$ cat structure-v7.txt   # compact mmCIF, N, CA and C atoms
# COMPACT_ATOMS: atom_id res chain seq x y z
N MET O 195 -273.71 34.84 -84.11
CA MET O 195 -274.88 34.33 -83.45
C MET O 195 -274.62 34.29 -81.95
N LYS O 196 -275.59 34.72 -81.17
CA LYS O 196 -275.47 34.81 -79.72
C LYS O 196 -276.00 33.54 -79.09
N LYS O 197 -275.26 33.01 -78.05
CA LYS O 197 -275.69 31.79 -77.37
C LYS O 197 -276.85 32.11 -76.46
N GLN O 198 -277.74 31.19 -76.37
CA GLN O 198 -278.90 31.38 -75.53
C GLN O 198 -278.53 31.02 -74.09
N GLN O 199 -278.93 31.85 -73.14
CA GLN O 199 -278.66 31.66 -71.72
C GLN O 199 -279.85 31.00 -71.06
N ARG O 200 -279.61 30.18 -70.12
CA ARG O 200 -280.68 29.53 -69.38
C ARG O 200 -281.05 30.36 -68.16
N GLY O 201 -282.30 30.42 -67.88
CA GLY O 201 -282.80 31.06 -66.67
C GLY O 201 -282.62 32.55 -66.63
N GLY O 202 -282.16 33.17 -67.65
CA GLY O 202 -282.05 34.60 -67.70
C GLY O 202 -280.84 35.18 -66.97
N THR O 203 -279.96 34.36 -66.42
CA THR O 203 -278.78 34.87 -65.72
C THR O 203 -277.59 34.76 -66.66
N SER O 204 -276.82 35.81 -66.72
CA SER O 204 -275.67 35.78 -67.63
C SER O 204 -274.61 34.83 -67.08
N ALA O 205 -273.81 34.34 -67.99
CA ALA O 205 -272.75 33.40 -67.61
C ALA O 205 -271.73 34.07 -66.72
N SER O 206 -271.44 35.32 -66.95
CA SER O 206 -270.46 36.02 -66.13
C SER O 206 -270.97 36.21 -64.70
N ALA O 207 -272.26 36.42 -64.53
CA ALA O 207 -272.82 36.58 -63.19
C ALA O 207 -272.76 35.26 -62.44
N CYS O 208 -272.93 34.15 -63.15
CA CYS O 208 -272.86 32.83 -62.50
C CYS O 208 -271.45 32.53 -62.03
N ARG O 209 -270.47 33.04 -62.76
CA ARG O 209 -269.09 32.80 -62.38
C ARG O 209 -268.59 33.84 -61.38
N GLY O 210 -269.38 34.79 -61.02
CA GLY O 210 -268.98 35.79 -60.05
C GLY O 210 -268.21 36.94 -60.66
N ILE O 211 -268.22 37.08 -61.98
CA ILE O 211 -267.47 38.14 -62.64
C ILE O 211 -268.25 39.45 -62.61
N ASN O 212 -269.52 39.37 -62.64
CA ASN O 212 -270.36 40.56 -62.66
C ASN O 212 -270.20 41.32 -61.35
N LYS O 213 -269.78 42.57 -61.43
CA LYS O 213 -269.54 43.36 -60.23
C LYS O 213 -270.83 43.76 -59.54
N MET O 214 -271.88 43.59 -60.21
CA MET O 214 -273.17 43.94 -59.62
C MET O 214 -273.69 42.81 -58.73
N ALA O 215 -273.10 41.62 -58.87
CA ALA O 215 -273.55 40.50 -58.05
C ALA O 215 -273.23 40.80 -56.59
N THR O 216 -274.13 40.48 -55.73
CA THR O 216 -273.94 40.79 -54.32
C THR O 216 -273.25 39.65 -53.60
N THR O 217 -272.36 39.98 -52.67
CA THR O 217 -271.70 39.00 -51.81
C THR O 217 -271.89 39.43 -50.37
N LYS O 218 -271.74 38.50 -49.47
CA LYS O 218 -271.93 38.81 -48.05
C LYS O 218 -270.57 39.15 -47.44
N LYS O 219 -270.19 40.41 -47.53
CA LYS O 219 -268.92 40.86 -46.97
C LYS O 219 -269.06 41.28 -45.52
N ASP O 220 -270.26 41.37 -45.05
CA ASP O 220 -270.49 41.82 -43.68
C ASP O 220 -270.04 40.77 -42.66
N LYS O 221 -270.17 39.51 -43.00
CA LYS O 221 -269.83 38.44 -42.06
C LYS O 221 -268.36 38.06 -42.21
N PRO O 222 -267.63 37.88 -41.10
CA PRO O 222 -266.24 37.41 -41.21
C PRO O 222 -266.23 35.93 -41.59
N LYS O 223 -265.18 35.53 -42.30
CA LYS O 223 -265.09 34.15 -42.73
C LYS O 223 -264.83 33.24 -41.54
N LYS O 224 -265.50 32.13 -41.53
CA LYS O 224 -265.27 31.13 -40.49
C LYS O 224 -264.05 30.31 -40.87
N PRO O 225 -263.25 29.94 -39.89
CA PRO O 225 -262.10 29.08 -40.21
C PRO O 225 -262.59 27.72 -40.71
N VAL O 226 -261.87 27.19 -41.68
CA VAL O 226 -262.25 25.92 -42.27
C VAL O 226 -261.43 24.82 -41.60
N GLY O 227 -262.08 23.71 -41.29
CA GLY O 227 -261.39 22.57 -40.70
C GLY O 227 -261.29 22.66 -39.19
N ARG O 228 -260.54 21.73 -38.64
CA ARG O 228 -260.36 21.69 -37.19
C ARG O 228 -259.43 22.80 -36.74
N PRO O 229 -259.55 23.21 -35.47
CA PRO O 229 -258.59 24.20 -34.97
C PRO O 229 -257.19 23.57 -34.90
N ARG O 230 -256.18 24.37 -35.15
CA ARG O 230 -254.80 23.89 -35.11
C ARG O 230 -254.41 23.49 -33.70
N ILE O 231 -253.74 22.38 -33.57
CA ILE O 231 -253.25 21.92 -32.27
C ILE O 231 -251.83 22.42 -32.10
N GLU O 232 -251.59 23.10 -31.01
CA GLU O 232 -250.24 23.57 -30.70
C GLU O 232 -249.54 22.48 -29.91
N LEU O 233 -248.44 21.96 -30.45
CA LEU O 233 -247.69 20.90 -29.78
C LEU O 233 -246.62 21.53 -28.90
N ASP O 234 -246.56 21.09 -27.67
CA ASP O 234 -245.66 21.66 -26.66
C ASP O 234 -244.27 21.03 -26.75
N PRO O 235 -243.23 21.82 -27.02
CA PRO O 235 -241.87 21.28 -27.10
C PRO O 235 -241.39 20.68 -25.77
N LYS O 236 -241.84 21.21 -24.64
CA LYS O 236 -241.45 20.65 -23.34
C LYS O 236 -241.95 19.22 -23.21
N GLN O 237 -243.18 19.01 -23.66
CA GLN O 237 -243.77 17.68 -23.62
C GLN O 237 -243.04 16.76 -24.61
N ALA O 238 -242.63 17.29 -25.75
CA ALA O 238 -241.91 16.51 -26.75
C ALA O 238 -240.57 16.03 -26.20
N LYS O 239 -239.90 16.86 -25.41
CA LYS O 239 -238.61 16.47 -24.82
C LYS O 239 -238.80 15.28 -23.88
N ILE O 240 -239.87 15.29 -23.10
CA ILE O 240 -240.17 14.17 -22.21
C ILE O 240 -240.47 12.92 -23.03
N PHE O 241 -241.26 13.09 -24.10
CA PHE O 241 -241.56 11.96 -24.98
C PHE O 241 -240.27 11.37 -25.56
N GLY O 242 -239.37 12.23 -25.99
CA GLY O 242 -238.10 11.78 -26.55
C GLY O 242 -237.25 11.05 -25.53
N TYR O 243 -237.26 11.54 -24.31
CA TYR O 243 -236.47 10.91 -23.24
C TYR O 243 -236.89 9.47 -23.03
N PHE O 244 -238.18 9.20 -23.16
CA PHE O 244 -238.70 7.85 -22.97
C PHE O 244 -238.95 7.11 -24.28
N ARG O 245 -238.53 7.73 -25.39
CA ARG O 245 -238.66 7.15 -26.74
C ARG O 245 -240.10 6.72 -27.02
N ALA O 246 -241.02 7.64 -26.76
CA ALA O 246 -242.45 7.38 -26.97
C ALA O 246 -242.74 7.21 -28.46
N THR O 247 -243.67 6.33 -28.77
CA THR O 247 -244.08 6.11 -30.16
C THR O 247 -245.05 7.21 -30.58
N TYR O 248 -245.28 7.33 -31.88
CA TYR O 248 -246.23 8.31 -32.40
C TYR O 248 -247.61 8.06 -31.81
N ASP O 249 -248.00 6.80 -31.73
CA ASP O 249 -249.32 6.45 -31.19
C ASP O 249 -249.45 6.90 -29.74
N THR O 250 -248.41 6.65 -28.94
CA THR O 250 -248.44 7.04 -27.53
C THR O 250 -248.54 8.55 -27.39
N MET O 251 -247.74 9.28 -28.18
CA MET O 251 -247.77 10.74 -28.10
C MET O 251 -249.15 11.27 -28.50
N ALA O 252 -249.72 10.73 -29.58
CA ALA O 252 -251.04 11.18 -30.04
C ALA O 252 -252.09 10.92 -28.97
N GLU O 253 -252.01 9.77 -28.33
CA GLU O 253 -252.98 9.44 -27.28
C GLU O 253 -252.84 10.38 -26.08
N GLN O 254 -251.63 10.69 -25.69
CA GLN O 254 -251.40 11.58 -24.55
C GLN O 254 -251.83 13.02 -24.85
N ILE O 255 -251.56 13.48 -26.06
CA ILE O 255 -251.91 14.86 -26.43
C ILE O 255 -253.38 14.99 -26.77
N GLY O 256 -253.96 13.92 -27.29
CA GLY O 256 -255.37 13.96 -27.68
C GLY O 256 -255.56 14.42 -29.11
N CYS O 257 -254.69 13.94 -29.99
CA CYS O 257 -254.80 14.31 -31.40
C CYS O 257 -254.62 13.05 -32.25
N HIS O 258 -254.73 13.21 -33.55
CA HIS O 258 -254.56 12.08 -34.46
C HIS O 258 -253.07 11.80 -34.65
N VAL O 259 -252.74 10.55 -34.86
CA VAL O 259 -251.34 10.16 -35.03
C VAL O 259 -250.70 10.85 -36.24
N ASP O 260 -251.49 11.18 -37.25
CA ASP O 260 -250.94 11.88 -38.42
C ASP O 260 -250.43 13.28 -38.07
N THR O 261 -251.04 13.90 -37.07
CA THR O 261 -250.58 15.21 -36.61
C THR O 261 -249.17 15.09 -36.04
N ILE O 262 -248.95 14.05 -35.25
CA ILE O 262 -247.63 13.81 -34.66
C ILE O 262 -246.63 13.45 -35.75
N ARG O 263 -247.04 12.58 -36.65
CA ARG O 263 -246.16 12.15 -37.75
C ARG O 263 -245.71 13.36 -38.57
N ALA O 264 -246.63 14.26 -38.89
CA ALA O 264 -246.29 15.45 -39.68
C ALA O 264 -245.31 16.35 -38.93
N ALA O 265 -245.54 16.51 -37.63
CA ALA O 265 -244.64 17.36 -36.82
C ALA O 265 -243.25 16.74 -36.72
N MET O 266 -243.18 15.42 -36.61
CA MET O 266 -241.88 14.75 -36.46
C MET O 266 -241.11 14.71 -37.79
N GLN O 267 -241.82 14.69 -38.90
CA GLN O 267 -241.15 14.66 -40.20
C GLN O 267 -240.65 16.03 -40.62
N ASP O 268 -241.17 17.07 -39.99
CA ASP O 268 -240.72 18.43 -40.28
C ASP O 268 -239.47 18.71 -39.45
N GLU O 269 -238.31 18.71 -40.11
CA GLU O 269 -237.03 18.88 -39.41
C GLU O 269 -236.92 20.22 -38.69
N ASN O 270 -237.68 21.21 -39.13
CA ASN O 270 -237.59 22.54 -38.54
C ASN O 270 -238.59 22.78 -37.41
N SER O 271 -239.47 21.82 -37.15
CA SER O 271 -240.47 22.04 -36.12
C SER O 271 -239.83 21.95 -34.73
N GLU O 272 -240.28 22.81 -33.84
CA GLU O 272 -239.76 22.82 -32.48
C GLU O 272 -240.08 21.50 -31.78
N PHE O 273 -241.20 20.90 -32.11
CA PHE O 273 -241.61 19.63 -31.51
C PHE O 273 -240.60 18.54 -31.86
N SER O 274 -240.24 18.45 -33.13
CA SER O 274 -239.29 17.43 -33.58
C SER O 274 -237.91 17.64 -32.96
N LYS O 275 -237.46 18.88 -32.92
CA LYS O 275 -236.15 19.19 -32.34
C LYS O 275 -236.12 18.85 -30.85
N ALA O 276 -237.20 19.16 -30.14
CA ALA O 276 -237.27 18.88 -28.70
C ALA O 276 -237.28 17.37 -28.45
N TYR O 277 -237.99 16.61 -29.29
CA TYR O 277 -238.02 15.16 -29.15
C TYR O 277 -236.61 14.58 -29.29
N LYS O 278 -235.90 15.02 -30.33
CA LYS O 278 -234.54 14.53 -30.57
C LYS O 278 -233.61 14.92 -29.43
N ASN O 279 -233.80 16.11 -28.89
CA ASN O 279 -232.99 16.57 -27.76
C ASN O 279 -233.24 15.68 -26.54
N GLY O 280 -234.49 15.37 -26.27
CA GLY O 280 -234.83 14.49 -25.15
C GLY O 280 -234.24 13.10 -25.32
N PHE O 281 -234.29 12.58 -26.53
CA PHE O 281 -233.74 11.24 -26.78
C PHE O 281 -232.23 11.24 -26.61
N SER O 282 -231.55 12.28 -27.08
CA SER O 282 -230.09 12.32 -26.93
C SER O 282 -229.70 12.49 -25.46
N SER O 283 -230.51 13.20 -24.67
CA SER O 283 -230.24 13.33 -23.24
C SER O 283 -230.33 11.97 -22.56
N MET O 284 -231.31 11.18 -22.93
CA MET O 284 -231.46 9.85 -22.35
C MET O 284 -230.28 8.97 -22.71
N LYS O 285 -229.82 9.03 -23.96
CA LYS O 285 -228.69 8.21 -24.38
C LYS O 285 -227.43 8.56 -23.60
N MET O 286 -227.23 9.86 -23.36
CA MET O 286 -226.05 10.29 -22.60
C MET O 286 -226.12 9.79 -21.15
N LYS O 287 -227.28 9.89 -20.53
CA LYS O 287 -227.43 9.43 -19.15
C LYS O 287 -227.28 7.92 -19.05
N LEU O 288 -227.82 7.21 -20.03
CA LEU O 288 -227.69 5.75 -20.05
C LEU O 288 -226.23 5.34 -20.20
N SER O 289 -225.53 5.99 -21.09
CA SER O 289 -224.11 5.70 -21.29
C SER O 289 -223.32 5.99 -20.02
N GLU O 290 -223.62 7.11 -19.38
CA GLU O 290 -222.95 7.47 -18.13
C GLU O 290 -223.18 6.41 -17.06
N ALA O 291 -224.42 5.94 -16.94
CA ALA O 291 -224.76 4.93 -15.94
C ALA O 291 -224.05 3.60 -16.24
N GLN O 292 -223.95 3.24 -17.50
CA GLN O 292 -223.26 2.00 -17.86
C GLN O 292 -221.78 2.06 -17.51
N VAL O 293 -221.14 3.14 -17.86
CA VAL O 293 -219.71 3.29 -17.57
C VAL O 293 -219.49 3.28 -16.05
N LYS O 294 -220.32 4.01 -15.33
CA LYS O 294 -220.20 4.07 -13.88
C LYS O 294 -220.37 2.67 -13.26
N THR O 295 -221.38 1.94 -13.70
CA THR O 295 -221.63 0.60 -13.19
C THR O 295 -220.49 -0.34 -13.52
N ALA O 296 -220.01 -0.27 -14.75
CA ALA O 296 -218.92 -1.16 -15.18
C ALA O 296 -217.66 -0.92 -14.37
N ILE O 297 -217.33 0.33 -14.12
CA ILE O 297 -216.08 0.65 -13.43
C ILE O 297 -216.20 0.49 -11.92
N GLU O 298 -217.24 1.05 -11.34
CA GLU O 298 -217.36 1.03 -9.88
C GLU O 298 -217.71 -0.35 -9.34
N GLU O 299 -218.51 -1.10 -10.06
CA GLU O 299 -218.93 -2.41 -9.58
C GLU O 299 -218.11 -3.54 -10.21
N HIS O 300 -217.14 -3.17 -11.02
CA HIS O 300 -216.27 -4.14 -11.69
C HIS O 300 -217.09 -5.24 -12.38
N ASN O 301 -218.05 -4.81 -13.17
CA ASN O 301 -218.92 -5.73 -13.88
C ASN O 301 -218.20 -6.16 -15.16
N PRO O 302 -217.66 -7.39 -15.20
CA PRO O 302 -216.86 -7.80 -16.37
C PRO O 302 -217.66 -7.86 -17.67
N THR O 303 -218.91 -8.30 -17.59
CA THR O 303 -219.72 -8.38 -18.81
C THR O 303 -219.92 -6.99 -19.41
N LEU O 304 -220.24 -6.04 -18.56
CA LEU O 304 -220.45 -4.68 -19.04
C LEU O 304 -219.15 -4.05 -19.51
N LEU O 305 -218.04 -4.37 -18.85
CA LEU O 305 -216.74 -3.85 -19.29
C LEU O 305 -216.40 -4.38 -20.68
N VAL O 306 -216.65 -5.65 -20.93
CA VAL O 306 -216.38 -6.23 -22.26
C VAL O 306 -217.26 -5.57 -23.30
N TRP O 307 -218.55 -5.41 -22.97
CA TRP O 307 -219.48 -4.81 -23.93
C TRP O 307 -219.08 -3.37 -24.26
N LEU O 308 -218.75 -2.59 -23.23
CA LEU O 308 -218.33 -1.20 -23.47
C LEU O 308 -217.03 -1.15 -24.28
N GLY O 309 -216.14 -2.09 -24.03
CA GLY O 309 -214.90 -2.15 -24.82
C GLY O 309 -215.19 -2.39 -26.28
N LYS O 310 -216.17 -3.24 -26.56
CA LYS O 310 -216.54 -3.50 -27.95
C LYS O 310 -217.19 -2.28 -28.58
N GLN O 311 -218.05 -1.59 -27.81
CA GLN O 311 -218.78 -0.45 -28.35
C GLN O 311 -217.89 0.76 -28.59
N TYR O 312 -217.02 1.06 -27.63
CA TYR O 312 -216.27 2.31 -27.68
C TYR O 312 -214.81 2.16 -28.07
N LEU O 313 -214.24 0.98 -27.87
CA LEU O 313 -212.82 0.79 -28.14
C LEU O 313 -212.54 -0.10 -29.34
N GLY O 314 -213.59 -0.59 -29.98
CA GLY O 314 -213.41 -1.42 -31.16
C GLY O 314 -212.87 -2.81 -30.86
N GLN O 315 -212.99 -3.27 -29.63
CA GLN O 315 -212.50 -4.60 -29.26
C GLN O 315 -213.42 -5.67 -29.83
N LYS O 316 -212.84 -6.87 -30.07
CA LYS O 316 -213.60 -7.96 -30.68
C LYS O 316 -213.34 -9.26 -29.93
N ASP O 317 -214.29 -10.17 -30.03
CA ASP O 317 -214.10 -11.51 -29.49
C ASP O 317 -213.22 -12.34 -30.42
N ILE O 318 -213.36 -12.11 -31.70
CA ILE O 318 -212.63 -12.87 -32.71
C ILE O 318 -211.43 -12.04 -33.14
N PRO O 319 -210.22 -12.58 -33.00
CA PRO O 319 -209.05 -11.81 -33.42
C PRO O 319 -209.03 -11.61 -34.93
N ASP O 320 -208.40 -10.52 -35.35
CA ASP O 320 -208.25 -10.26 -36.78
C ASP O 320 -207.38 -11.33 -37.41
N SER O 321 -207.69 -11.74 -38.62
CA SER O 321 -206.91 -12.77 -39.31
C SER O 321 -205.52 -12.25 -39.66
N GLU O 322 -205.37 -10.94 -39.79
CA GLU O 322 -204.07 -10.36 -40.15
C GLU O 322 -203.09 -10.43 -38.98
N THR O 323 -203.58 -10.26 -37.78
CA THR O 323 -202.69 -10.21 -36.62
C THR O 323 -202.53 -11.57 -35.94
N SER O 324 -203.42 -12.50 -36.19
CA SER O 324 -203.30 -13.81 -35.53
C SER O 324 -202.40 -14.72 -36.35
N GLN O 325 -201.73 -15.62 -35.65
CA GLN O 325 -200.84 -16.56 -36.32
C GLN O 325 -201.57 -17.89 -36.48
N ASN O 326 -201.33 -18.52 -37.60
CA ASN O 326 -201.90 -19.84 -37.81
C ASN O 326 -201.01 -20.85 -37.10
N VAL O 327 -201.63 -21.68 -36.29
CA VAL O 327 -200.90 -22.70 -35.55
C VAL O 327 -201.38 -24.05 -36.04
N THR O 328 -200.43 -24.90 -36.41
CA THR O 328 -200.76 -26.24 -36.85
C THR O 328 -200.28 -27.21 -35.79
N ILE O 329 -201.15 -28.06 -35.35
CA ILE O 329 -200.81 -29.06 -34.35
C ILE O 329 -200.75 -30.42 -35.04
N ILE O 330 -199.62 -31.10 -34.87
CA ILE O 330 -199.45 -32.43 -35.45
C ILE O 330 -199.38 -33.41 -34.29
N LEU O 331 -200.27 -34.38 -34.30
CA LEU O 331 -200.29 -35.40 -33.26
C LEU O 331 -199.56 -36.63 -33.77
N LYS O 332 -198.57 -37.07 -33.00
CA LYS O 332 -197.82 -38.26 -33.37
C LYS O 332 -198.11 -39.33 -32.33
N PRO O 333 -198.49 -40.49 -32.79
CA PRO O 333 -198.74 -41.56 -31.82
C PRO O 333 -197.43 -42.05 -31.20
N LYS O 334 -197.49 -42.49 -29.93
CA LYS O 334 -196.31 -43.01 -29.27
C LYS O 334 -195.86 -44.32 -29.89
N GLN O 335 -196.84 -45.13 -30.19
CA GLN O 335 -196.53 -46.44 -30.76
C GLN O 335 -197.27 -46.58 -32.07
N LEU O 336 -196.73 -47.31 -32.91
CA LEU O 336 -197.38 -47.59 -34.17
C LEU O 336 -198.44 -48.66 -33.95
N ALA O 337 -199.46 -48.63 -34.70
CA ALA O 337 -200.53 -49.61 -34.58
C ALA O 337 -199.99 -50.99 -34.91
N GLY O 338 -200.39 -51.99 -34.17
CA GLY O 338 -199.97 -53.37 -34.41
C GLY O 338 -198.81 -53.78 -33.53
N SER O 339 -198.22 -52.87 -32.83
CA SER O 339 -197.10 -53.17 -31.93
C SER O 339 -197.67 -53.44 -30.56
N ASP O 340 -197.49 -54.65 -30.06
CA ASP O 340 -198.02 -55.04 -28.75
C ASP O 340 -196.91 -55.25 -27.73
N ASP O 341 -195.79 -54.60 -27.88
CA ASP O 341 -194.65 -54.82 -27.00
C ASP O 341 -194.91 -54.34 -25.57
N ASP O 342 -195.57 -53.23 -25.39
CA ASP O 342 -195.72 -52.65 -24.05
C ASP O 342 -196.99 -53.08 -23.36
N GLN O 343 -197.82 -53.88 -23.97
CA GLN O 343 -199.08 -54.26 -23.36
C GLN O 343 -198.94 -55.62 -22.70
N ASP O 344 -198.71 -55.82 -21.51
CA ASP O 344 -198.75 -57.04 -20.74
C ASP O 344 -198.49 -56.79 -19.32
$ encode --input "structure-v7.txt" --output "C-alpha cells"
Amino acid sequence: MKKQQRGGTSASACRGINKMATTKKDKPKKPVGRPRIELDPKQAKIFGYFRATYDTMAEQIGCHVDTIRAAMQDENSEFSKAYKNGFSSMKMKLSEAQVKTAIEEHNPTLLVWLGKQYLGQKDIPDSETSQNVTIILKPKQLAGSDDDQD
C-alpha cells in the first residue's frame, strides 16, 4: 500500500533529494554570523606587560569578553603567546629594578625580601639546626628571709 502525500509534493523533493528541485546556485553564500575579529599580537604583548584583565582587553579592542577568553585559553594562539611574553618581560624588568634598588640604595627591607625569595632565607630558623636553650632562674634569696632588708 502506498502512503498518501500531502499537497502533491513528493517526500524526496521536500527533503531536497529530487535532482529536479531547483536551488539558487547563482548567488554566493553570505557569511553567517559576525565577521571574525583579528586580534593583534603586538597589542597582546602590551596587555600582558601591564597584566590587563579580559574585560579591559575586550573594552580596548571593542569585542566581547568571550572572544578574549577563547583566544587566551587557546595555548597555540599568537594572541595568548604574545600576552604571556609581555607578562614575562614585565616580571624580568621588575626583578631587575628590585635587585638594583636593593643593592645600590642599600635598602635593607628589600634585601631581606629578595633573600627570602631567591636564596631561601627565613625569619624563623629551622628546628633541626637551632639549639634548644633552657634558662633556669634562681632567686638570690629564699622567700621569707629578711636578713638583707634594713
$ residues_around --input "structure-v7.txt" --residues "O:Val306" --least-positions-apart "6" --cutoff "8 Å" --atoms "all atoms listed in the file" --output "MDAnalysis selection string"
chainID O and resid 296 312 315
$ atom_distance --input "structure-v7.txt" --atom1 "atom CA of O:Lys294" --atom2 "atom CA of O:Lys310"
16.4 Å
$ atom_distance --input "structure-v7.txt" --atom1 "atom CA of O:Pro235" --atom2 "atom CA of O:Ala276"
5.4 Å
$ residues_around --input "structure-v7.txt" --residues "O:Val293" --least-positions-apart "4" --cutoff "8 Å" --atoms "only N, CA and C atoms" --output "PDB file with N, CA and C atoms, in the coordinates of the input"
ATOM      1  N   LYS O 287    -227.280   9.890 -20.530  1.00  0.00           N
ATOM      2  CA  LYS O 287    -227.430   9.430 -19.150  1.00  0.00           C
ATOM      3  C   LYS O 287    -227.280   7.920 -19.050  1.00  0.00           C
ATOM      4  N   LEU O 288    -227.820   7.210 -20.030  1.00  0.00           N
ATOM      5  CA  LEU O 288    -227.690   5.750 -20.050  1.00  0.00           C
ATOM      6  C   LEU O 288    -226.230   5.340 -20.200  1.00  0.00           C
ATOM      7  N   SER O 289    -225.530   5.990 -21.090  1.00  0.00           N
ATOM      8  CA  SER O 289    -224.110   5.700 -21.290  1.00  0.00           C
ATOM      9  C   SER O 289    -223.320   5.990 -20.020  1.00  0.00           C
ATOM     10  N   ILE O 297    -217.330   0.330 -14.120  1.00  0.00           N
ATOM     11  CA  ILE O 297    -216.080   0.650 -13.430  1.00  0.00           C
ATOM     12  C   ILE O 297    -216.200   0.490 -11.920  1.00  0.00           C
ATOM     13  N   GLU O 298    -217.240   1.050 -11.340  1.00  0.00           N
ATOM     14  CA  GLU O 298    -217.360   1.030  -9.880  1.00  0.00           C
ATOM     15  C   GLU O 298    -217.710  -0.350  -9.340  1.00  0.00           C
ATOM     16  N   GLU O 299    -218.510  -1.100 -10.060  1.00  0.00           N
ATOM     17  CA  GLU O 299    -218.930  -2.410  -9.580  1.00  0.00           C
ATOM     18  C   GLU O 299    -218.110  -3.540 -10.210  1.00  0.00           C
ATOM     19  N   LEU O 304    -220.240  -6.040 -18.560  1.00  0.00           N
ATOM     20  CA  LEU O 304    -220.450  -4.680 -19.040  1.00  0.00           C
ATOM     21  C   LEU O 304    -219.150  -4.050 -19.510  1.00  0.00           C
ATOM     22  N   LEU O 305    -218.040  -4.370 -18.850  1.00  0.00           N
ATOM     23  CA  LEU O 305    -216.740  -3.850 -19.290  1.00  0.00           C
ATOM     24  C   LEU O 305    -216.400  -4.380 -20.680  1.00  0.00           C
ATOM     25  N   LEU O 308    -218.750  -2.590 -23.230  1.00  0.00           N
ATOM     26  CA  LEU O 308    -218.330  -1.200 -23.470  1.00  0.00           C
ATOM     27  C   LEU O 308    -217.030  -1.150 -24.280  1.00  0.00           C
TER      28      LEU O 308
END
$ atom_distance --input "structure-v7.txt" --atom1 "atom N of O:Ala252" --atom2 "atom C of O:Arg228"
17.1 Å
$ residues_near_point --input "structure-v7.txt" --point "(-239.0, 15.0, -23.0)" --cutoff "7 Å" --atoms "only N, CA and C atoms" --output "ChimeraX atom specification"
/O:235-244,276-277,279-281
